[in-house]
Amino acid sequence: MSGHQLKANQTRANPKKEASGKGGKKSSQVRSLRETVQFYMIDFRTPLGKAIDIFIILLNLLVVMLFVIETYPLSAGTQEILWRTEIAAVSLFIIEYLLRLYGAPDRWAYVKDGYSIIDIVAIMPTLVLMVLPATFFTHDIRFIQTIRVMAAFRIFRFLRFMAKDHLLFGMISPGMINVARLVASIFIILFVYSGLFYFVEEPLNPDVQNFGDAFYFVVVAVSTVGFGDIVPSSSAGRLVTVAMIISGIIFIPFQAARIFRAWLRASSQDRTVICTNCGLDRHDVDSKYCKKCGEALPESGES
């Protein structure tokens, strides 16, 4: 038997050797089920990882829209449809939470993680309302409203995706990622305070009938325009307004300053040298070739 035939027979008998490199080491390791679950819950490069991220983002948008829509006058049939939709969405949240918990290398650390706590807050309002007896809805409507307003905090689930450097799967530049984070952070603040303001003012204030009225007031108040057509009519409403304005004064300039500092640092790491081929005049300090067209840069242009 020739050497080639012997090697072929050995490969068929032990196919794992074909994936082994020199020295008998495997070029790739087989992941366990737990490691596979963890990988796809944080992955954003593979088609399945992207699909999971997109699905969760759309699910987050759905529950946020449900919270807003439910503040408007609706028929009993529409309310029932929205409630069943909310139950289905929260059921998927529970599945997602259990999968992340199962795949986490340190499960106790995951339970204490900030994103995990946000996930629990997103799940709890619906679960509490599901287990309450029907008579409770007529006896303590204020408690029900308190549970409902907790749904406004579900918008914090978007923070998981904003924290990634590959926002929108790397389709935008790192500089624009910071701008997107600033805009999203401002919107989250406005949304949460609108939910709180609606909760405390809607029973007492005839000018606040739905989430849109509350959001309009919050934007006008934070921007310090103050038209005066909607004003808080309760102590709780005034407290929410004060907390909202203070948060806006502190948080928004702080986030904007971080973006400007990042831009200044990026600018200081560039040098001015004009490419003789395409005319691009900003390049990295240690670059020898144009990052746009690949043409060799003139050494005399360094500064």
# chains A, B, ... in the order shown; residues from 1 in each chain; ligands from 1
$ residues_around --residues "Asp119 (chain A)" --least-positions-apart "4" --cutoff "9 Å" --atoms "only C-alpha atoms" --output "CSV table (one decimal) with all heavy atoms, in the first residue's frame"
chain,number,residue,atom,x,y,z
A,93,PHE,N,-39.2,38.4,26.0
A,93,PHE,CA,-38.2,39.0,26.9
A,93,PHE,C,-37.7,37.9,27.9
A,93,PHE,O,-36.5,37.9,28.3
A,93,PHE,CB,-38.8,40.2,27.6
A,93,PHE,CG,-38.8,41.4,26.8
A,93,PHE,CD1,-39.6,42.5,27.3
A,93,PHE,CD2,-38.2,41.5,25.6
A,93,PHE,CE1,-39.6,43.7,26.5
A,93,PHE,CE2,-38.2,42.7,24.9
A,93,PHE,CZ,-38.9,43.8,25.3
A,94,ILE,N,-38.7,37.2,28.5
A,94,ILE,CA,-38.3,36.2,29.5
A,94,ILE,C,-37.4,35.1,28.9
A,94,ILE,O,-36.4,34.7,29.5
A,94,ILE,CB,-39.6,35.5,30.1
A,94,ILE,CG1,-40.4,36.6,30.8
A,94,ILE,CG2,-39.3,34.3,31.0
A,94,ILE,CD1,-41.8,36.1,31.3
A,97,TYR,N,-34.0,36.6,28.5
A,97,TYR,CA,-33.3,36.7,29.8
A,97,TYR,C,-32.8,35.3,30.2
A,97,TYR,O,-31.6,35.2,30.6
A,97,TYR,CB,-34.3,37.2,30.8
A,97,TYR,CG,-33.7,37.3,32.2
A,97,TYR,CD1,-32.9,38.5,32.6
A,97,TYR,CD2,-33.8,36.3,33.1
A,97,TYR,CE1,-32.3,38.6,33.8
A,97,TYR,CE2,-33.2,36.4,34.4
A,97,TYR,CZ,-32.5,37.5,34.7
A,97,TYR,OH,-31.9,37.6,36.0
A,114,GLY,N,-26.1,45.5,35.4
A,114,GLY,CA,-27.1,46.6,35.2
A,114,GLY,C,-28.1,46.3,34.1
A,114,GLY,O,-29.3,46.5,34.2
A,115,TYR,N,-27.6,45.7,33.0
A,115,TYR,CA,-28.5,45.4,31.9
A,115,TYR,C,-29.5,44.3,32.3
A,115,TYR,O,-30.6,44.3,31.8
A,115,TYR,CB,-27.7,44.9,30.7
A,115,TYR,CG,-26.8,46.0,30.1
A,115,TYR,CD1,-25.4,45.7,29.8
A,115,TYR,CD2,-27.3,47.2,29.8
A,115,TYR,CE1,-24.6,46.7,29.3
A,115,TYR,CE2,-26.5,48.2,29.2
A,115,TYR,CZ,-25.1,47.9,29.0
A,115,TYR,OH,-24.3,48.9,28.5
A,123,ILE,N,-39.7,43.2,32.5
A,123,ILE,CA,-40.6,42.0,32.6
A,123,ILE,C,-41.6,42.1,33.7
A,123,ILE,O,-42.8,41.7,33.5
A,123,ILE,CB,-39.7,40.7,32.8
A,123,ILE,CG1,-38.9,40.4,31.6
A,123,ILE,CG2,-40.6,39.5,33.1
A,123,ILE,CD1,-37.8,39.4,31.8
A,124,MET,N,-41.2,42.7,34.8
A,124,MET,CA,-42.1,42.7,36.0
A,124,MET,C,-43.5,43.3,35.9
A,124,MET,O,-44.4,42.7,36.4
A,124,MET,CB,-41.3,43.3,37.2
A,124,MET,CG,-40.2,42.5,37.7
A,124,MET,SD,-40.7,40.8,38.1
A,124,MET,CE,-41.9,41.1,39.4
A,154,ARG,N,-38.8,50.5,30.2
A,154,ARG,CA,-38.4,49.5,29.3
A,154,ARG,C,-37.5,50.1,28.2
A,154,ARG,O,-36.7,49.4,27.5
A,154,ARG,CB,-39.6,48.8,28.6
A,154,ARG,CG,-40.4,47.9,29.5
A,154,ARG,CD,-41.7,47.4,29.0
A,154,ARG,NE,-42.3,46.4,29.8
A,154,ARG,CZ,-43.5,46.0,29.7
A,154,ARG,NH1,-44.3,46.5,28.7
A,154,ARG,NH2,-44.0,45.1,30.5
A,156,PHE,N,-35.0,51.7,28.5
A,156,PHE,CA,-33.6,51.5,28.9
A,156,PHE,C,-32.9,50.3,28.3
A,156,PHE,O,-31.7,50.1,28.3
A,156,PHE,CB,-33.4,51.5,30.4
A,156,PHE,CG,-33.5,52.9,31.1
A,156,PHE,CD1,-34.5,53.2,31.9
A,156,PHE,CD2,-32.6,53.8,30.8
A,156,PHE,CE1,-34.6,54.4,32.5
A,156,PHE,CE2,-32.6,55.1,31.3
A,156,PHE,CZ,-33.7,55.4,32.2
A,157,ARG,N,-33.8,49.3,27.8
A,157,ARG,CA,-33.2,48.1,27.1
A,157,ARG,C,-32.4,48.5,25.9
A,157,ARG,O,-31.5,47.7,25.5
A,157,ARG,CB,-34.4,47.2,26.7
A,157,ARG,CG,-34.9,46.4,27.9
A,157,ARG,CD,-36.1,45.5,27.4
A,157,ARG,NE,-35.7,44.7,26.3
A,157,ARG,CZ,-35.2,43.5,26.4
A,157,ARG,NH1,-35.0,43.0,27.6
A,157,ARG,NH2,-34.9,42.8,25.4
$ residues_around --residues "Ile186 (chain A)" --least-positions-apart "5" --cutoff "9 Å" --atoms "only C-alpha atoms" --output "JSON, numbers by chain"
{"A": [181, 191, 248, 251, 252]}
$ select_by_dssp --residues "region 19-227 of chain A" --states "alpha helix (DSSP H)" --output "ChimeraX atom specification"
/A:33-42,47-69,76-103,107-112,114-131,136-139,141-149,159-162,174-201,211-222
$ closest_residue --among "A:Phe260, A:Trp83, A:Phe55, A:Tyr193" --to "Val240 (chain A)" --atoms "only C-alpha atoms"
A:Tyr193
$ closest_residue --among "A:Pro105, A:Gln79, A:Gly226, A:Phe67" --to "Val37 (chain A)" --atoms "only C-alpha atoms"
A:Pro105
$ closest_atom_pairs --of "region 23-138 of chain A" --to "region 214-220 of chain A" --cutoff "12 Å" --atoms "only C-alpha atoms" --output "Markdown table"
| residue | atom | partner | partner_atom | distance |
| --- | --- | --- | --- | --- |
| A:Val68 | CA | A:Phe215 | CA | 10.3 |
| A:Thr71 | CA | A:Ala214 | CA | 10.4 |
| A:Tyr72 | CA | A:Ala214 | CA | 11.9 |
